[in-house]
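One file, protein_6.pdb, is given below (PDB, C-alpha atoms).
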MODEL        1
ATOM      1  CA  MET G  58      15.660  18.004 -29.120  1.00  0.00           C
ATOM      2  CA  PHE G  59      15.215  14.286 -28.419  1.00  0.00           C
ATOM      3  CA  SER G  60      17.220  14.220 -25.223  1.00  0.00           C
ATOM      4  CA  ASP G  61      15.952  12.332 -22.172  1.00  0.00           C
ATOM      5  CA  LYS G  62      17.733  14.859 -19.942  1.00  0.00           C
ATOM      6  CA  GLN G  63      14.933  17.407 -20.323  1.00  0.00           C
ATOM      7  CA  LYS G  64      12.120  15.058 -19.257  1.00  0.00           C
ATOM      8  CA  PRO G  65      11.920  13.827 -15.638  1.00  0.00           C
ATOM      9  CA  ARG G  66      11.540  10.059 -15.389  1.00  0.00           C
ATOM     10  CA  THR G  67       8.563   8.604 -13.597  1.00  0.00           C
ATOM     11  CA  MET G  68       8.613   5.471 -11.439  1.00  0.00           C
ATOM     12  CA  ASN G  69       7.134   3.428 -14.318  1.00  0.00           C
ATOM     13  CA  GLU G  70       9.919   4.456 -16.680  1.00  0.00           C
ATOM     14  CA  ILE G  71      12.601   3.566 -14.148  1.00  0.00           C
ATOM     15  CA  GLY G  72      11.152   0.183 -13.164  1.00  0.00           C
ATOM     16  CA  GLY G  73       9.599  -0.796 -16.488  1.00  0.00           C
ATOM     17  CA  GLN G  74       5.983  -1.190 -17.539  1.00  0.00           C
ATOM     18  CA  PRO G  75       3.364  -1.377 -14.764  1.00  0.00           C
ATOM     19  CA  ASN G  76       1.934  -4.832 -14.104  1.00  0.00           C
ATOM     20  CA  ARG G  77      -1.774  -5.644 -13.742  1.00  0.00           C
ATOM     21  CA  ILE G  78      -3.660  -8.541 -12.264  1.00  0.00           C
ATOM     22  CA  GLU G  79      -7.147  -8.069 -13.665  1.00  0.00           C
ATOM     23  CA  LYS G  80     -10.528  -8.716 -12.101  1.00  0.00           C
ATOM     24  CA  ASN G  81     -11.602 -12.398 -12.144  1.00  0.00           C
ATOM     25  CA  THR G  82      -7.921 -13.461 -12.050  1.00  0.00           C
ATOM     26  CA  LYS G  83      -6.618 -15.489  -9.121  1.00  0.00           C
ATOM     27  CA  ILE G  84      -2.910 -16.018  -8.510  1.00  0.00           C
ATOM     28  CA  LYS G  85      -1.236 -18.140  -5.865  1.00  0.00           C
ATOM     29  CA  GLY G  86       2.484 -17.516  -5.405  1.00  0.00           C
ATOM     30  CA  ASP G  87       5.124 -14.844  -4.947  1.00  0.00           C
ATOM     31  CA  ILE G  88       5.808 -11.850  -7.186  1.00  0.00           C
ATOM     32  CA  ILE G  89       9.094  -9.923  -7.310  1.00  0.00           C
ATOM     33  CA  SER G  90       9.410  -6.908  -9.599  1.00  0.00           C
ATOM     34  CA  GLU G  91      10.907  -3.441  -9.921  1.00  0.00           C
ATOM     35  CA  ALA G  92       7.807  -2.071 -11.631  1.00  0.00           C
ATOM     36  CA  ASP G  93       4.502  -0.844 -10.202  1.00  0.00           C
ATOM     37  CA  PHE G  94       1.656  -3.303  -9.628  1.00  0.00           C
ATOM     38  CA  ARG G  95      -2.111  -2.919  -9.809  1.00  0.00           C
ATOM     39  CA  ILE G  96      -4.187  -5.770  -8.425  1.00  0.00           C
ATOM     40  CA  ASP G  97      -7.882  -5.923  -9.278  1.00  0.00           C
ATOM     41  CA  GLY G  98      -8.058  -9.703  -8.887  1.00  0.00           C
ATOM     42  CA  LYS G  99      -7.058 -11.968  -6.009  1.00  0.00           C
ATOM     43  CA  LEU G 100      -3.519 -12.802  -4.904  1.00  0.00           C
ATOM     44  CA  ASP G 101      -2.656 -15.406  -2.292  1.00  0.00           C
ATOM     45  CA  GLY G 102       1.063 -14.856  -1.807  1.00  0.00           C
ATOM     46  CA  ASN G 103       3.719 -12.186  -1.483  1.00  0.00           C
ATOM     47  CA  VAL G 104       4.592  -9.092  -3.511  1.00  0.00           C
ATOM     48  CA  LYS G 105       7.969  -7.372  -3.373  1.00  0.00           C
ATOM     49  CA  THR G 106       8.572  -4.328  -5.566  1.00  0.00           C
ATOM     50  CA  SER G 107      10.676  -1.180  -5.574  1.00  0.00           C
ATOM     51  CA  GLY G 108       7.634   0.595  -7.024  1.00  0.00           C
ATOM     52  CA  LYS G 109       4.028   1.225  -6.031  1.00  0.00           C
ATOM     53  CA  VAL G 110       1.323  -1.338  -5.253  1.00  0.00           C
ATOM     54  CA  VAL G 111      -2.299  -0.452  -5.978  1.00  0.00           C
ATOM     55  CA  ILE G 112      -5.100  -2.715  -4.791  1.00  0.00           C
ATOM     56  CA  GLY G 113      -8.238  -1.797  -6.750  1.00  0.00           C
ATOM     57  CA  LYS G 114     -11.745  -1.783  -5.305  1.00  0.00           C
ATOM     58  CA  ASP G 115     -12.311  -5.459  -6.253  1.00  0.00           C
ATOM     59  CA  GLY G 116      -8.737  -6.487  -5.459  1.00  0.00           C
ATOM     60  CA  TYR G 117      -7.654  -8.702  -2.556  1.00  0.00           C
ATOM     61  CA  ILE G 118      -4.230  -9.753  -1.271  1.00  0.00           C
ATOM     62  CA  HIS G 119      -3.599 -12.334   1.429  1.00  0.00           C
ATOM     63  CA  GLY G 120       0.110 -12.423   2.237  1.00  0.00           C
ATOM     64  CA  LYS G 121       3.066 -10.085   2.593  1.00  0.00           C
ATOM     65  CA  VAL G 122       3.585  -6.919   0.553  1.00  0.00           C
ATOM     66  CA  GLU G 123       6.837  -4.922   0.488  1.00  0.00           C
ATOM     67  CA  CYS G 124       6.829  -1.709  -1.550  1.00  0.00           C
ATOM     68  CA  VAL G 125       7.713   1.987  -1.596  1.00  0.00           C
ATOM     69  CA  ASN G 126       4.152   3.370  -1.885  1.00  0.00           C
ATOM     70  CA  ALA G 127       0.721   1.758  -1.752  1.00  0.00           C
ATOM     71  CA  ASP G 128      -2.830   2.873  -2.587  1.00  0.00           C
ATOM     72  CA  ILE G 129      -5.513   0.526  -1.307  1.00  0.00           C
ATOM     73  CA  GLU G 130      -9.185   0.599  -2.282  1.00  0.00           C
ATOM     74  CA  GLY G 131      -9.820  -3.134  -1.877  1.00  0.00           C
ATOM     75  CA  SER G 132      -8.907  -5.662   0.812  1.00  0.00           C
ATOM     76  CA  PHE G 133      -5.628  -6.729   2.371  1.00  0.00           C
ATOM     77  CA  ASN G 134      -4.892  -9.360   5.006  1.00  0.00           C
ATOM     78  CA  GLY G 135      -1.325 -10.007   6.122  1.00  0.00           C
ATOM     79  CA  GLU G 136       1.893  -8.073   6.593  1.00  0.00           C
ATOM     80  CA  LEU G 137       2.245  -4.727   4.803  1.00  0.00           C
ATOM     81  CA  LEU G 138       5.665  -3.025   4.689  1.00  0.00           C
ATOM     82  CA  VAL G 139       5.562   0.378   2.971  1.00  0.00           C
ATOM     83  CA  SER G 140       8.768   2.412   3.043  1.00  0.00           C
ATOM     84  CA  ASP G 141       7.048   5.722   2.178  1.00  0.00           C
ATOM     85  CA  LEU G 142       3.303   6.491   1.824  1.00  0.00           C
ATOM     86  CA  LEU G 143       0.357   4.167   2.454  1.00  0.00           C
ATOM     87  CA  SER G 144      -2.924   5.667   1.252  1.00  0.00           C
ATOM     88  CA  LEU G 145      -6.170   3.962   2.313  1.00  0.00           C
ATOM     89  CA  LYS G 146      -9.272   4.904   0.335  1.00  0.00           C
ATOM     90  CA  ALA G 147     -12.762   4.893   1.877  1.00  0.00           C
ATOM     91  CA  SER G 148     -13.535   1.371   0.595  1.00  0.00           C
ATOM     92  CA  ALA G 149     -10.276  -0.171   1.930  1.00  0.00           C
ATOM     93  CA  VAL G 150     -10.290  -3.051   4.428  1.00  0.00           C
ATOM     94  CA  ILE G 151      -6.938  -3.757   6.115  1.00  0.00           C
ATOM     95  CA  GLU G 152      -6.216  -6.547   8.599  1.00  0.00           C
ATOM     96  CA  GLY G 153      -2.878  -7.739   9.950  1.00  0.00           C
ATOM     97  CA  THR G 154       0.311  -5.806  10.636  1.00  0.00           C
ATOM     98  CA  VAL G 155       1.436  -2.601   8.949  1.00  0.00           C
ATOM     99  CA  SER G 156       4.808  -0.842   8.965  1.00  0.00           C
ATOM    100  CA  VAL G 157       4.820   2.531   7.234  1.00  0.00           C
ATOM    101  CA  SER G 158       6.561   5.889   7.110  1.00  0.00           C
ATOM    102  CA  LYS G 159       3.490   7.998   6.193  1.00  0.00           C
ATOM    103  CA  LEU G 160      -0.175   7.043   6.491  1.00  0.00           C
ATOM    104  CA  ALA G 161      -3.231   8.664   4.877  1.00  0.00           C
ATOM    105  CA  VAL G 162      -6.662   7.248   5.760  1.00  0.00           C
ATOM    106  CA  GLU G 163      -9.907   8.415   4.158  1.00  0.00           C
ATOM    107  CA  PRO G 164     -13.039   8.391   6.316  1.00  0.00           C
ATOM    108  CA  GLY G 165     -14.865   5.092   5.886  1.00  0.00           C
ATOM    109  CA  ALA G 166     -11.758   2.911   5.590  1.00  0.00           C
ATOM    110  CA  THR G 167     -11.510  -0.125   7.879  1.00  0.00           C
ATOM    111  CA  PHE G 168      -8.054  -0.351   9.468  1.00  0.00           C
ATOM    112  CA  ASN G 169      -7.894  -3.311  11.860  1.00  0.00           C
ATOM    113  CA  ALA G 170      -4.132  -3.712  12.085  1.00  0.00           C
ATOM    114  CA  SER G 171      -1.243  -3.181  14.422  1.00  0.00           C
ATOM    115  CA  CYS G 172       0.682  -0.286  12.944  1.00  0.00           C
ATOM    116  CA  SER G 173       4.254   0.834  13.465  1.00  0.00           C
ATOM    117  CA  MET G 174       5.263   4.166  11.990  1.00  0.00           C
ATOM    118  CA  LYS G 175       8.880   4.986  11.384  1.00  0.00           C
ATOM    119  CA  GLY G 176       9.900   8.605  11.301  1.00  0.00           C
ATOM    120  CA  LYS G 177      12.547  10.298   9.191  1.00  0.00           C
ATOM    121  CA  GLY G 178      15.244   8.994  11.532  1.00  0.00           C
ATOM    122  CA  GLY G 179      14.091   5.405  10.995  1.00  0.00           C
ATOM    123  CA  LEU G 180      12.794   5.092  14.542  1.00  0.00           C
ATOM    124  CA  GLY G 181       9.688   2.943  14.822  1.00  0.00           C
ATOM    125  CA  GLY G 182       6.772   3.711  17.062  1.00  0.00           C
ATOM    126  CA  SER G 183       3.789   1.530  17.707  1.00  0.00           C
ATOM    127  CA  SER G 184       0.205   2.684  17.540  1.00  0.00           C
ATOM    128  CA  ASN G 185      -2.088   1.151  20.083  1.00  0.00           C
ATOM    129  CA  GLY G 186      -4.977   3.555  19.754  1.00  0.00           C
ATOM    130  CA  SER G 187      -3.229   6.254  21.799  1.00  0.00           C
ATOM    131  CA  GLY G 188      -2.639   8.503  18.781  1.00  0.00           C
ATOM    132  CA  PHE G 189      -0.226   8.545  15.846  1.00  0.00           C
ATOM    133  CA  ASN G 190       3.094  10.332  16.215  1.00  0.00           C
ATOM    134  CA  GLY G 191       2.102  12.075  19.441  1.00  0.00           C
ATOM    135  CA  GLU G 192      -1.273  13.325  18.276  1.00  0.00           C
ATOM    136  CA  ASN G 193      -3.910  14.132  20.846  1.00  0.00           C
ATOM    137  CA  PRO G 194      -5.483  10.786  21.877  1.00  0.00           C
ATOM    138  CA  SER G 195      -8.834  12.469  22.519  1.00  0.00           C
ATOM    139  CA  MET G 196      -9.191  13.181  18.788  1.00  0.00           C
ATOM    140  CA  LYS G 197     -11.112  10.278  17.267  1.00  0.00           C
ATOM    141  CA  ASN G 198     -12.059   9.363  13.728  1.00  0.00           C
ATOM    142  CA  GLU G 199     -15.051   7.051  13.952  1.00  0.00           C
ATOM    143  CA  SER G 200     -14.829   5.977  10.307  1.00  0.00           C
ATOM    144  CA  ALA G 201     -11.250   4.721  10.387  1.00  0.00           C
ATOM    145  CA  LYS G 202      -9.996   3.063  13.540  1.00  0.00           C
ATOM    146  CA  ALA G 203      -6.638   1.583  14.368  1.00  0.00           C
ATOM    147  CA  THR G 204      -7.089  -1.401  16.653  1.00  0.00           C
ATOM    148  CA  ARG G 205      -5.003  -4.318  17.799  1.00  0.00           C
TER     149      ARG G 205
ENDMDL
END
In structure tokens, how does this file's structure come out?
Amino acid sequence: MFSDKQKPRTMNEIGGQPNRIEKNTKIKGDIISEADFRIDGKLDGNVKTSGKVVIGKDGYIHGKVECVNADIEGSFNGELLVSDLLSLKASAVIEGTVSVSKLAVEPGATFNASCSMKGKGGLGGSSNGSGFNGENPSMKNESAKATR
């Protein structure tokens, strides 16, 4: 009746409570955690988590981020290492270098980064505007561009 075996555990339950850096908060330094993070303020430093990083619409990170999944609505400048899915919303602005397994970009997002995508076998490929994962290079998305 009260067994945890019947209920699947979410990432938050495994890693602990999610962490938030609220709007109008500025942090300078490094953060290491197993829990998810949501940043609506400004962070000048590094984040390393075995969970998910969310950068809200007013959020900004300048530094290095290592995580499993990331949803970005705000701004990021630096090195972004996402072992699974990176999702860029229409208001996202990304600059720097990105290493990701899966990438989802909404129209309107600004993606000015060098991007390497690793497949299921762990092999990395580099995107230089010639298409992701062998896609047709003549197909263009004017709202979201990958540039070097």
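Note on the selection: in this file the PyMOL selection byres ((chain G and resi 91) around 6) comes out as G:Gly72, G:Ser90, G:Ala92, G:Thr106, G:Ser107, G:Gly108.
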For stretch 140-183 of chain G against stretch 110-134 of chain G, with a cut-off of 7 Å and counting only C-alpha atoms, what is the closest atom pair and its distance in Å to one decimal for every residue that makes the cut, ordered by chain and number, as CSV?
residue,atom,partner,partner_atom,distance
G:Ser140,CA,G:Val125,CA,4.8
G:Asp141,CA,G:Val125,CA,5.4
G:Leu142,CA,G:Asn126,CA,4.9
G:Leu143,CA,G:Ala127,CA,4.9
G:Ser144,CA,G:Asp128,CA,4.7
G:Leu145,CA,G:Ile129,CA,5.0
G:Lys146,CA,G:Glu130,CA,5.0
G:Ala147,CA,G:Glu130,CA,7.0
G:Ser148,CA,G:Glu130,CA,5.3
G:Ala149,CA,G:Glu130,CA,4.4
G:Val150,CA,G:Ser132,CA,4.7
G:Ile151,CA,G:Phe133,CA,5.0
G:Glu152,CA,G:Asn134,CA,4.8
G:Gly153,CA,G:Asn134,CA,5.6
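Across the structure, atom CA of G:Asn81 and atom CA of G:Gly135 are spaced 21.1 Å apart.
Closest approach to G:Arg95 among G:Pro164, G:Ala170, G:Lys109, G:Lys83 is made by G:Lys109 (distances from only C-alpha atoms).
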Point-to-point distance in Å for atom CA of G:Arg77 and atom CA of G:Lys175: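 Between atom CA of G:Lys175 and atom CA of G:Arg77 the gap is 29.3 Å.
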Residue neighbourhood G:Ile84, 8 Å, all atoms listed in the file, exclusion window fewer than 3 positions, as a list of chain:residue names: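 Listing them by chain and then by number gives G:Lys99, G:Leu100, G:Asp101, G:Gly102.
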Pairwise distance for atom CA of G:Asn76 and atom CA of G:Ile88, rounded to one decimal in Å: 10.6 Å
Residue contacts of G:Ile89 (9 Å, only C-alpha atoms) excluding same-chain residues fewer than 6 positions away, as a list in words: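 The contact residues come out as Asn103, Val104, Lys105 and Thr106 of chain G.
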Write the selection just made, keeping C-alpha atoms, as a PDB file, in the frame of the given file?
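New file out.pdb:
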ATOM      1  CA  ASN G 103       3.719 -12.186  -1.483  1.00  0.00           C
ATOM      2  CA  VAL G 104       4.592  -9.092  -3.511  1.00  0.00           C
ATOM      3  CA  LYS G 105       7.969  -7.372  -3.373  1.00  0.00           C
ATOM      4  CA  THR G 106       8.572  -4.328  -5.566  1.00  0.00           C
TER       5      THR G 106
END
With the input short on atoms, add N, CA and C atoms back to stretch 89-117 of chain G and write it as an mmCIF file, in the frame of the given file.
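Output file part_21.cif follows:
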data_model
loop_
_atom_site.group_PDB
_atom_site.id
_atom_site.type_symbol
_atom_site.label_atom_id
_atom_site.label_comp_id
_atom_site.auth_asym_id
_atom_site.auth_seq_id
_atom_site.Cartn_x
_atom_site.Cartn_y
_atom_site.Cartn_z
ATOM 1 N N ILE G 89 7.991 -10.845 -7.559
ATOM 2 C CA ILE G 89 9.094 -9.923 -7.310
ATOM 3 C C ILE G 89 9.287 -9.104 -8.582
ATOM 4 N N SER G 90 9.305 -7.769 -8.435
ATOM 5 C CA SER G 90 9.410 -6.908 -9.599
ATOM 6 C C SER G 90 9.974 -5.553 -9.193
ATOM 7 N N GLU G 91 10.488 -4.820 -10.164
ATOM 8 C CA GLU G 91 10.907 -3.441 -9.921
ATOM 9 C C GLU G 91 9.841 -2.456 -10.379
ATOM 10 N N ALA G 92 8.843 -2.944 -11.074
ATOM 11 C CA ALA G 92 7.807 -2.071 -11.631
ATOM 12 C C ALA G 92 6.611 -1.965 -10.673
ATOM 13 N N ASP G 93 5.732 -1.027 -10.972
ATOM 14 C CA ASP G 93 4.502 -0.844 -10.202
ATOM 15 C C ASP G 93 3.556 -2.012 -10.462
ATOM 16 N N PHE G 94 2.645 -2.241 -9.504
ATOM 17 C CA PHE G 94 1.656 -3.303 -9.628
ATOM 18 C C PHE G 94 0.275 -2.767 -9.323
ATOM 19 N N ARG G 95 -0.700 -3.181 -10.116
ATOM 20 C CA ARG G 95 -2.111 -2.919 -9.809
ATOM 21 C C ARG G 95 -2.814 -4.257 -9.745
ATOM 22 N N ILE G 96 -3.504 -4.499 -8.624
ATOM 23 C CA ILE G 96 -4.187 -5.770 -8.425
ATOM 24 C C ILE G 96 -5.682 -5.505 -8.315
ATOM 25 N N ASP G 97 -6.426 -5.996 -9.300
ATOM 26 C CA ASP G 97 -7.882 -5.923 -9.278
ATOM 27 C C ASP G 97 -8.478 -7.308 -9.084
ATOM 28 N N GLY G 98 -7.641 -8.318 -9.120
ATOM 29 C CA GLY G 98 -8.058 -9.703 -8.887
ATOM 30 C C GLY G 98 -7.688 -10.127 -7.482
ATOM 31 N N LYS G 99 -7.394 -11.423 -7.322
ATOM 32 C CA LYS G 99 -7.058 -11.968 -6.009
ATOM 33 C C LYS G 99 -5.667 -12.576 -6.050
ATOM 34 N N LEU G 100 -4.865 -12.273 -5.020
ATOM 35 C CA LEU G 100 -3.519 -12.802 -4.904
ATOM 36 C C LEU G 100 -3.351 -13.435 -3.532
ATOM 37 N N ASP G 101 -2.982 -14.705 -3.526
ATOM 38 C CA ASP G 101 -2.656 -15.406 -2.292
ATOM 39 C C ASP G 101 -1.156 -15.657 -2.335
ATOM 40 N N GLY G 102 -0.388 -14.758 -1.746
ATOM 41 C CA GLY G 102 1.063 -14.856 -1.807
ATOM 42 C C GLY G 102 1.699 -13.532 -1.445
ATOM 43 N N ASN G 103 2.934 -13.355 -1.858
ATOM 44 C CA ASN G 103 3.719 -12.186 -1.483
ATOM 45 C C ASN G 103 4.065 -11.343 -2.700
ATOM 46 N N VAL G 104 4.174 -10.021 -2.473
ATOM 47 C CA VAL G 104 4.592 -9.092 -3.511
ATOM 48 C C VAL G 104 5.758 -8.280 -2.962
ATOM 49 N N LYS G 105 6.831 -8.214 -3.737
ATOM 50 C CA LYS G 105 7.969 -7.372 -3.373
ATOM 51 C C LYS G 105 8.330 -6.545 -4.596
ATOM 52 N N THR G 106 8.274 -5.215 -4.449
ATOM 53 C CA THR G 106 8.572 -4.328 -5.566
ATOM 54 C C THR G 106 9.232 -3.050 -5.057
ATOM 55 N N SER G 107 10.074 -2.470 -5.894
ATOM 56 C CA SER G 107 10.676 -1.180 -5.574
ATOM 57 C C SER G 107 9.791 -0.052 -6.105
ATOM 58 N N GLY G 108 8.592 -0.385 -6.519
ATOM 59 C CA GLY G 108 7.634 0.595 -7.024
ATOM 60 C C GLY G 108 6.429 0.718 -6.116
ATOM 61 N N LYS G 109 5.292 0.977 -6.728
ATOM 62 C CA LYS G 109 4.028 1.225 -6.031
ATOM 63 C C LYS G 109 3.099 0.034 -6.225
ATOM 64 N N VAL G 110 2.355 -0.298 -5.177
ATOM 65 C CA VAL G 110 1.323 -1.338 -5.253
ATOM 66 C C VAL G 110 -0.035 -0.666 -5.102
ATOM 67 N N VAL G 111 -0.928 -0.945 -6.049
ATOM 68 C CA VAL G 111 -2.299 -0.452 -5.978
ATOM 69 C C VAL G 111 -3.219 -1.662 -5.903
ATOM 70 N N ILE G 112 -4.068 -1.689 -4.884
ATOM 71 C CA ILE G 112 -5.100 -2.715 -4.791
ATOM 72 C C ILE G 112 -6.415 -2.029 -5.134
ATOM 73 N N GLY G 113 -6.985 -2.400 -6.283
ATOM 74 C CA GLY G 113 -8.238 -1.797 -6.750
ATOM 75 C C GLY G 113 -9.407 -2.186 -5.870
ATOM 76 N N LYS G 114 -10.550 -1.583 -6.129
ATOM 77 C CA LYS G 114 -11.745 -1.783 -5.305
ATOM 78 C C LYS G 114 -12.149 -3.255 -5.196
ATOM 79 N N ASP G 115 -11.974 -4.038 -6.262
ATOM 80 C CA ASP G 115 -12.311 -5.459 -6.253
ATOM 81 C C ASP G 115 -11.104 -6.343 -5.948
ATOM 82 N N GLY G 116 -9.960 -5.737 -5.692
ATOM 83 C CA GLY G 116 -8.737 -6.487 -5.459
ATOM 84 C C GLY G 116 -8.631 -7.006 -4.033
ATOM 85 N N TYR G 117 -7.867 -8.106 -3.873
ATOM 86 C CA TYR G 117 -7.654 -8.702 -2.556
ATOM 87 C C TYR G 117 -6.274 -9.355 -2.528
#
